[in-house]
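*Asks:* Here's a structure for you.
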Amino acid sequence: MANAARTDTATERARRDAARTSTEREEGRSEPAAPPPLFETLSGIPVKALYTPEDVKPGLEERLGAPGSFPFTRGLHPEMYRTRIWTMRQFAGFGTAEHTNQRFHYLLAQGMTGLSTAFDMPTLMGYDPDHPMALGEVGREGVAISSLEDMEILFRGIPLDQVTTSMTINAPAVVLLAMYVAVAEKQGIPPEKLGGTVQADMLKEFIAQKEWICPPRPSVKICVDMIEWCAEHMPKWNSISISGYHIREAGATAVQELAFTIADGIGYVEECVKRGMDVDQFAPRLSFFWDVHNDFFEEIAKFRAGRRIWASLMRDRFGAKNPRSWMLRTHAQTAGVSLTAQQPLNNVARVAIQALAAVLGGTQSLHTNSMDETLSLPTEEAATVALRTQQVIAHETGVTNVVDPFAGSYFLESLTDRMEEEAMAYIRRIDEMGGIIQAVENGFPQKEIADSAYRFQMQVERGQRTIVGVNRFGGDEEVSIPVLKIDPEIERRQIERVRAVRARRDAARWERAILALRDACMSDRNLVPPVLEAVRAYATLGEIADVFREAYGVYREPAVF
Amino acid sequence: MARKIRVLVAKAGLDGHDRGAKVVASAMRDAGFEVIYTGLHQTPEMIVQAAVQEDVDAVALSILSGAHMTLFPRVLALMREKGIGDVLLTGGGIIPREDMAALKQSGVGELFGPGTPTTAIIDYIRNTAREHRSARAGSAGVGSGRTGSAGAGPAQ
C-alpha cells in the first residue's frame, strides 16, 4: 500500500508539472487533464495486472523447444551468449570514403567487432554526385560511394577476411556487393572467404524506407539474383537482410513489423523457389533485422515469436530439411524513432533499455543508436557512448549467463503467443491478396503503417502516451550537446573525384561492360556477373543504375496519405 | 463562405522519410484544411509548380536528409521568381537550430523539429494564412471564415 501511495503522488506531481509546462508555453490555453494511462502494449495488445498459469495455453514445452532446436523460440544456440557474445555492429558513414574509413578504424580500435556502412542518399538512390537530384545531399546521411575507387578508400587498411561487413544498401545493392567483392580481389581475398551482409531487401523499401530505382517486380528480381549468386559463391555471406526496422520506424506497431517482415521473407523464398532453387541451398543465408522499441516485454516477445513463426514456415510450408534453414538469424537496432530532440541525454537511457530487450530476445548482432541522432549524424563521443552501452550490458549485468531467462513467465509466454497469432492473421490476409508483392502494389502495408503512425501521434497529443521530455516532464529546452557538421565542400570534392575516375578509366573496357550489362538486363540473366565486370571497369554507380532505369523503368509511388 | 485553407505538403530531394509528412498531412486534413501531398522525391521546380497550380496558402516542406540548407533556399527563390513569394513557406524535419535561424532570416517561415505537436503547426499555418489572405484582399473580411484557434477540431 505504501508503494501505491507513493506512485499516486508521483503521478499527481507529474500532471501538475505537465499542466504548468503547457500553460507556460501556450499562454493560458486550458489543457484537459492527462487521461488515464493505457494498459496495453505499443501494438495495442491489452495487458492485465497479473498473469497466472491460466494465461498460458497447454503445449508450452512444444512451442518452446530447447534453445538451439526447433522451433527456436528460446534462441538459436544451446548456450547463446555463454559461448559467444553478440556482434557489436555500429552503423557508421558520413562524408567521403576517407572520413568513414577513419571512423571505421576508430570504432574497431574501441572494440567494435563488425563493420556496418551507412551510405548517403544519392548512393542509396543510384545517382552520381553530379546528378541534379543529388544536389545538397552528398555525404550527408552517410558516405558517398560513386565508384570502385571510393570503395577501395573506404576499406583501406582493413583486411576483409578478418572483419564482417554489413552494408545498408538496397536498390543498388548489387553494385555495392560487386564493389566489395572487387576490393577483396585486390586484397587477394576470394569471395568465399568474405563474411557480411547486404541489406538488399527491396520489398521493405516500397513498404517503408522509400528508396528505390525500378518498380517492385524487377527490384525483387535483382534481390533474387544476389541470393542465387551468393548461395553459389559466398557461403559466409548473408545475401539479404529482411528488415522490419524501417517498417517499424515508419510507424508500424510491433505486430505489424513482425507480420510484414515475415511476409517479405515468404515473398523472397517463393521467388527463389519459382526460379528453381532448392530451399536448403539458399535459406541458411537469409538473415533478418528487427527494430527494438520501448515496450520492453513486447519487444522480447517479438524476437521469440519471430523465430518460432519462421521455423514453422520454413519447415512446414517450404519443406526445408536443413535446420539452418529454419533459423531466423537477426540483427537488431534500437529504435531511432523513439529518440527525442528534447533533453537528448535521456536517449542514453532509452537506448540501454531497448538494447537490453534485444539481448534478452536473443539477437545475433546489435547496433545501439547514439543520443544525438535526432539532431544530426552521431559525433564520435556519442557513438562511443552507444557502443559502451552494449559493452556494459555484455560484461557487467550478468544477463549473458543464462539462456532465454524469461521463458516460462506467464506474461511473456502469453504475449509471445498473442504476437504470433496476430502476425499470422496478417500473413494469412496477405496470402489471400496474392502474396506480399501484390499487397505492396496495392499499397496495403503502406496504408496500415501510415494509419498506425497517425494513431500513435494522436495518442501522444492527447496525453495517452507519454514521451518524457516532450509531452511531459519539461520540453523545449535549448539543446546543448555538440552536433556533427558536414562540410559542404564534400559535395564538390566528390564530384571532382567521380569525374576524374570517368576520365581516367579504360574507356573501351568500360563500354564493353556497360553493353554486356544492358544485354543481361534485357535477356533476364543473373545480373551479378555483368555488374561485377562493370565495377571492375570503374563504371560509376549512377551509370549502372541508369542501365537499370532504361531496362526496367523508374518507380513512382502514388502520392497518398 | 471563405474557402478552406489549402496547403501543399511536399517532400523534396531524395529523402524517403515520409512518416512525419503523412502524419502532419492527415492532421491538417482532420483540422479542415485542404491538403495536397506531392509524394516523394520532388525537385524544387516540381514543388513550386504544384504550389502555383494549386493556388495554395502555404507550402510545408519536410526534409530529414540534411539537405535543408540547399533545398529551402531553392524553393524560396523559385517561389519568388514565379510570383508567389508572398505565400508562406514553412516546414520541418531534422534541422539544427542555427540552420533554422538562418533560414528564417532569409524569409522562410517557422520551422518545426521533432516532438512538435501537430496542433502547433496547424495553428501557425491557420493564423499566417489568414493574415496573408487579408493582406492580399486588402480587406479584413476575406478569409476570416474560420474562427477560434484552439485545438484541431475535426472537419465536419
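Just remember, in the C-alpha cells the first chain shown is A, the second B, etc., residues are 1-based per chain, and ligands are 1-based in the order shown.
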Could you pull out the strand (DSSP E) residues of stretch 79-123 of chain B, going by DSSP on the backbone, and write them as a list of chain:residue names?
*Replies:*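 In stretch 79-123 of chain B, DSSP puts these residues in strand (DSSP E): B:Leu88, B:Leu89, B:Thr90, B:Gly91, B:Gly92, B:Gly93, B:Leu111, B:Phe112.
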*Asks:* Just write the chosen residues, C-alpha atoms, as a short mmCIF file (atom, residue, chain, number, x, y, z; two decimals), in the first residue's frame.
*Replies:*
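Final output, saved to again-v2.cif:
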data_model
loop_
_atom_site.label_atom_id
_atom_site.label_comp_id
_atom_site.auth_asym_id
_atom_site.auth_seq_id
_atom_site.Cartn_x
_atom_site.Cartn_y
_atom_site.Cartn_z
CA LEU B 88 4.09 31.05 -46.67
CA LEU B 89 6.99 28.60 -46.96
CA THR B 90 7.19 26.58 -43.76
CA GLY B 91 8.32 23.07 -42.91
CA GLY B 92 10.12 20.73 -40.61
CA GLY B 93 12.49 17.84 -40.13
CA LEU B 111 10.30 25.54 -38.95
CA PHE B 112 9.27 22.66 -36.72
#
*Asks:* Enumerate, in order of chain and increasing residue number, the residues of chain A with an atom no farther than 9 Å from chain B, each with its shortest atom pair and distance in Å to one decimal, counting only C-alpha atoms, as CSV.
*Replies:*
residue,atom,partner,partner_atom,distance
A:Arg29,CA,B:Ala150,CA,7.5
A:Asp120,CA,B:Ser65,CA,8.9
A:Met121,CA,B:Leu14,CA,6.1
A:Pro122,CA,B:Leu14,CA,7.1
A:Leu124,CA,B:Leu14,CA,9.0
A:Met125,CA,B:Leu14,CA,7.3
A:Pro132,CA,B:Thr43,CA,8.9
A:Met133,CA,B:Gly13,CA,6.4
A:Ala134,CA,B:Leu14,CA,7.4
A:Leu135,CA,B:Thr70,CA,7.4
A:Gly136,CA,B:Ala67,CA,4.9
A:Glu137,CA,B:Ala67,CA,5.3
A:Val138,CA,B:Ala67,CA,8.7
A:Arg140,CA,B:Gly66,CA,5.9
A:Glu141,CA,B:Ser65,CA,6.1
A:Ala208,CA,B:His17,CA,8.3
A:Gln209,CA,B:Gly16,CA,6.0
A:Lys210,CA,B:Gly16,CA,4.8
A:Glu211,CA,B:Gly16,CA,6.0
A:Glu249,CA,B:Arg19,CA,8.3
A:Ala250,CA,B:Arg19,CA,5.4
A:Gly251,CA,B:Arg19,CA,6.8
A:Thr340,CA,B:Gly115,CA,6.9
A:Ala341,CA,B:Pro114,CA,6.1
A:Gln342,CA,B:Gly115,CA,7.6
A:Thr374,CA,B:Ile94,CA,6.5
A:Leu375,CA,B:Ile94,CA,6.0
A:Ser376,CA,B:Ile94,CA,7.2
A:Ile449,CA,B:Arg19,CA,8.9
A:Ala450,CA,B:Arg19,CA,6.9
A:Asp451,CA,B:Val23,CA,8.6
A:Ala453,CA,B:Val23,CA,6.8
A:Tyr454,CA,B:Val23,CA,5.2
A:Arg455,CA,B:Val23,CA,9.0
A:Gln457,CA,B:Val23,CA,7.5
A:Met458,CA,B:Ala27,CA,8.7
A:Val460,CA,B:Pro117,CA,8.5
A:Glu461,CA,B:Pro117,CA,6.3
A:Ile467,CA,B:Gly115,CA,8.9
A:Val470,CA,B:Gly115,CA,6.1
A:Asn471,CA,B:Gly115,CA,8.1
A:Gly475,CA,B:Gly115,CA,9.0
A:Val479,CA,B:Arg97,CA,8.6
A:Val483,CA,B:Pro96,CA,8.6
A:Ile486,CA,B:Gly66,CA,9.0
A:Arg556,CA,B:Leu40,CA,8.2
A:Glu557,CA,B:Gly39,CA,7.0
A:Pro558,CA,B:Gly39,CA,7.0
A:Ala559,CA,B:Gly39,CA,4.2
A:Val560,CA,B:Tyr37,CA,7.1
A:Phe561,CA,B:Lys22,CA,5.3
*Asks:* Can those selected residues be exported to a file as a short mmCIF file (atom, residue, chain, number, x, y, z; two decimals), in the first residue's frame so that it contains C-alpha atoms?
*Replies:*
data_model
loop_
_atom_site.label_atom_id
_atom_site.label_comp_id
_atom_site.auth_asym_id
_atom_site.auth_seq_id
_atom_site.Cartn_x
_atom_site.Cartn_y
_atom_site.Cartn_z
CA ARG A 29 -4.83 27.80 -23.14
CA ASP A 120 24.38 8.82 -48.45
CA MET A 121 21.09 9.45 -50.23
CA PRO A 122 22.47 9.72 -53.78
CA LEU A 124 21.09 4.79 -51.91
CA MET A 125 19.04 6.01 -54.86
CA PRO A 132 20.88 17.28 -60.32
CA MET A 133 18.87 15.15 -57.85
CA ALA A 134 21.98 14.76 -55.67
CA LEU A 135 22.22 18.49 -55.01
CA GLY A 136 22.82 19.18 -51.32
CA GLU A 137 22.70 15.51 -50.32
CA VAL A 138 26.24 14.25 -50.96
CA ARG A 140 25.11 14.00 -45.53
CA GLU A 141 23.17 10.95 -44.37
CA ALA A 208 8.59 1.82 -45.66
CA GLN A 209 12.04 3.20 -46.39
CA LYS A 210 11.14 4.52 -49.85
CA GLU A 211 14.49 4.38 -51.60
CA GLU A 249 10.38 3.34 -37.88
CA ALA A 250 7.82 4.39 -40.49
CA GLY A 251 5.12 3.87 -37.88
CA THR A 340 13.88 12.77 -28.69
CA ALA A 341 15.49 16.03 -29.75
CA GLN A 342 14.36 17.45 -26.40
CA THR A 374 17.54 13.27 -33.82
CA LEU A 375 19.82 16.26 -34.28
CA SER A 376 22.47 15.07 -36.74
CA ILE A 449 1.66 1.71 -41.33
CA ALA A 450 0.59 5.29 -42.04
CA ASP A 451 -2.60 4.70 -40.05
CA ALA A 453 1.76 6.28 -37.21
CA TYR A 454 -1.13 8.73 -37.12
CA ARG A 455 -2.91 6.85 -34.33
CA GLN A 457 0.83 10.63 -32.80
CA MET A 458 -2.75 11.39 -31.75
CA VAL A 460 0.77 11.31 -27.79
CA GLU A 461 -1.03 14.59 -28.41
CA ILE A 467 7.20 10.81 -24.15
CA VAL A 470 8.35 16.02 -24.95
CA ASN A 471 4.75 15.88 -23.79
CA GLY A 475 10.39 20.04 -23.09
CA VAL A 479 19.75 21.61 -26.88
CA VAL A 483 26.44 18.00 -33.23
CA ILE A 486 29.09 18.01 -42.69
CA ARG A 556 6.93 6.48 -58.86
CA GLU A 557 4.87 5.97 -55.74
CA PRO A 558 1.22 7.05 -55.79
CA ALA A 559 1.09 10.15 -53.55
CA VAL A 560 -1.43 9.14 -50.91
CA PHE A 561 -1.53 9.80 -47.19
#
*Asks:* Name the residues of stretch 312-549 of chain A that come out as helix (DSSP H, G or I) in a backbone DSSP run; write them as a PyMOL selection string.
*Replies:* chain A and resi 312-317+323-326+336-338+346-360+380-396+399-401+410-432+436-442+444-461+489-504+507-522+528-536+541-549
*Asks:* One decimal, Å: what's the distance from atom CA of A:Gln464 over to atom CA of A:Phe39, could you say?
*Replies:*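 Between these atoms lies a distance of 10.1 Å.
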*Asks:* Find the residue from A:Val175, A:Gly362, A:Gly196, A:Glu489 that sits nearest to A:Glu533; use only C-alpha atoms when measuring.
*Replies:* A:Val175
*Asks:* For A:Asn101, work out the shell of residues within 12 Å, counting only C-alpha atoms and skipping chain neighbours fewer than 6 positions away, then give it as a PDB file with C-alpha atoms, in the first residue's frame.
*Replies:*
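See around_0.pdb below for the written result:
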ATOM      1  CA  ALA A  92      28.686   4.388 -39.486  1.00  0.00           C
ATOM      2  CA  GLY A  93      29.094   6.527 -42.548  1.00  0.00           C
ATOM      3  CA  PHE A  94      29.359  10.189 -43.466  1.00  0.00           C
ATOM      4  CA  GLY A  95      31.200  12.483 -45.798  1.00  0.00           C
ATOM      5  CA  LEU A 107      35.422   2.047 -33.870  1.00  0.00           C
ATOM      6  CA  LEU A 108      37.464  -1.128 -34.414  1.00  0.00           C
ATOM      7  CA  LEU A 115      31.567  -3.049 -39.601  1.00  0.00           C
ATOM      8  CA  SER A 116      28.327  -1.540 -40.785  1.00  0.00           C
ATOM      9  CA  THR A 117      28.165   1.014 -43.559  1.00  0.00           C
ATOM     10  CA  ALA A 118      25.696   3.870 -43.945  1.00  0.00           C
ATOM     11  CA  VAL A 143      29.159   8.032 -47.003  1.00  0.00           C
ATOM     12  CA  ALA A 144      29.220   8.854 -50.717  1.00  0.00           C
ATOM     13  CA  ILE A 145      30.322   5.873 -52.825  1.00  0.00           C
ATOM     14  CA  ASP A 150      35.666   5.161 -53.294  1.00  0.00           C
ATOM     15  CA  MET A 151      35.165   1.599 -52.077  1.00  0.00           C
ATOM     16  CA  GLU A 152      38.931   0.955 -52.142  1.00  0.00           C
ATOM     17  CA  ILE A 153      39.442   4.009 -49.936  1.00  0.00           C
ATOM     18  CA  LEU A 154      36.551   3.058 -47.630  1.00  0.00           C
ATOM     19  CA  PHE A 155      38.174  -0.259 -46.689  1.00  0.00           C
ATOM     20  CA  ARG A 156      41.803   0.867 -46.829  1.00  0.00           C
ATOM     21  CA  GLY A 157      43.844  -0.860 -44.135  1.00  0.00           C
ATOM     22  CA  ILE A 158      41.020  -3.239 -43.222  1.00  0.00           C
TER      23      ILE A 158
END
*Asks:* Pick out the residues sitting within 12 Å of A:Glu421, and hand them over as a list of chain:residue names; count only C-alpha atoms, and ignore anything fewer than 5 positions along from it in its own chain.
*Replies:*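 Once the nearby chain positions are removed, what remains is A:Ile45, A:Val255, A:Gln256, A:Leu258, A:Ala259, A:Lys302, A:Ala305, A:Gly306, A:Arg308, A:Ile309, A:Ser414, A:Leu415, A:Thr416, A:Tyr426, A:Ile427, A:Arg428.
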*Asks:* Using N, CA and C atoms, can you write the selected residues to a file as an mmCIF file, in the first residue's frame?
*Replies:*
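Now in out16.cif:
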data_model
loop_
_atom_site.group_PDB
_atom_site.id
_atom_site.type_symbol
_atom_site.label_atom_id
_atom_site.label_comp_id
_atom_site.auth_asym_id
_atom_site.auth_seq_id
_atom_site.Cartn_x
_atom_site.Cartn_y
_atom_site.Cartn_z
ATOM 1 N N ILE A 45 -2.039 -4.383 -27.718
ATOM 2 C CA ILE A 45 -2.476 -5.620 -27.060
ATOM 3 C C ILE A 45 -2.770 -5.301 -25.596
ATOM 4 N N VAL A 255 3.551 -5.716 -33.864
ATOM 5 C CA VAL A 255 2.866 -6.819 -34.548
ATOM 6 C C VAL A 255 2.964 -6.633 -36.061
ATOM 7 N N GLN A 256 2.743 -5.414 -36.530
ATOM 8 C CA GLN A 256 2.834 -5.166 -37.978
ATOM 9 C C GLN A 256 4.264 -5.369 -38.479
ATOM 10 N N LEU A 258 6.476 -7.419 -37.270
ATOM 11 C CA LEU A 258 6.669 -8.867 -37.298
ATOM 12 C C LEU A 258 5.987 -9.458 -38.536
ATOM 13 N N ALA A 259 4.736 -9.055 -38.750
ATOM 14 C CA ALA A 259 3.941 -9.653 -39.821
ATOM 15 C C ALA A 259 4.472 -9.278 -41.198
ATOM 16 N N LYS A 302 8.462 -10.307 -29.328
ATOM 17 C CA LYS A 302 8.542 -10.227 -30.802
ATOM 18 C C LYS A 302 9.696 -11.077 -31.335
ATOM 19 N N ALA A 305 8.669 -14.779 -30.868
ATOM 20 C CA ALA A 305 7.593 -15.180 -31.786
ATOM 21 C C ALA A 305 8.124 -15.246 -33.215
ATOM 22 N N GLY A 306 8.978 -14.305 -33.586
ATOM 23 C CA GLY A 306 9.529 -14.287 -34.944
ATOM 24 C C GLY A 306 10.286 -15.563 -35.263
ATOM 25 N N ARG A 308 9.934 -18.457 -33.898
ATOM 26 C CA ARG A 308 9.029 -19.606 -33.933
ATOM 27 C C ARG A 308 8.238 -19.635 -35.242
ATOM 28 N N ILE A 309 7.730 -18.486 -35.662
ATOM 29 C CA ILE A 309 6.944 -18.430 -36.901
ATOM 30 C C ILE A 309 7.807 -18.860 -38.087
ATOM 31 N N SER A 414 2.474 -15.699 -22.700
ATOM 32 C CA SER A 414 1.170 -15.329 -23.226
ATOM 33 C C SER A 414 1.313 -14.251 -24.307
ATOM 34 N N LEU A 415 2.204 -13.310 -24.071
ATOM 35 C CA LEU A 415 2.427 -12.234 -25.043
ATOM 36 C C LEU A 415 3.083 -12.776 -26.323
ATOM 37 N N THR A 416 4.017 -13.699 -26.164
ATOM 38 C CA THR A 416 4.663 -14.311 -27.341
ATOM 39 C C THR A 416 3.617 -15.013 -28.203
ATOM 40 N N TYR A 426 -2.311 -11.416 -40.056
ATOM 41 C CA TYR A 426 -1.892 -10.515 -41.145
ATOM 42 C C TYR A 426 -1.316 -11.303 -42.323
ATOM 43 N N ILE A 427 -0.471 -12.282 -41.998
ATOM 44 C CA ILE A 427 0.183 -13.060 -43.058
ATOM 45 C C ILE A 427 -0.860 -13.809 -43.895
ATOM 46 N N ARG A 428 -1.883 -14.339 -43.241
ATOM 47 C CA ARG A 428 -2.957 -15.009 -43.996
ATOM 48 C C ARG A 428 -3.674 -14.019 -44.902
#
*Asks:* Could you tell me how far atom CA of A:Asp161 sits from atom CA of A:Ile189, in Å to one decimal place?
*Replies:*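 Calculated distance between atom CA of A:Ile189 and atom CA of A:Asp161 is 6.8 Å.
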*Asks:* Pick out the residues sitting within 12 Å of A:Glu62, and hand them over as a VMD selection string; count only C-alpha atoms, and ignore anything fewer than 4 positions along from it in its own chain.
*Replies:* chain A and resid 57 to 58 66 to 67 69 to 74 308
*Asks:* Residues near A:Ser338, anyone? I mean within 9 Å using only C-alpha atoms, not counting same-chain ones fewer than 6 positions away, as a ChimeraX atom specification.
*Replies:* /A:249,293-294,347,350-351,467
*Asks:* Suppose you want the space between atom CA of A:Pro344 and atom CA of A:Glu205; what is it in Å?
*Replies:*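 Atom-to-atom, atom CA of A:Pro344 to atom CA of A:Glu205, that is 28.7 Å.
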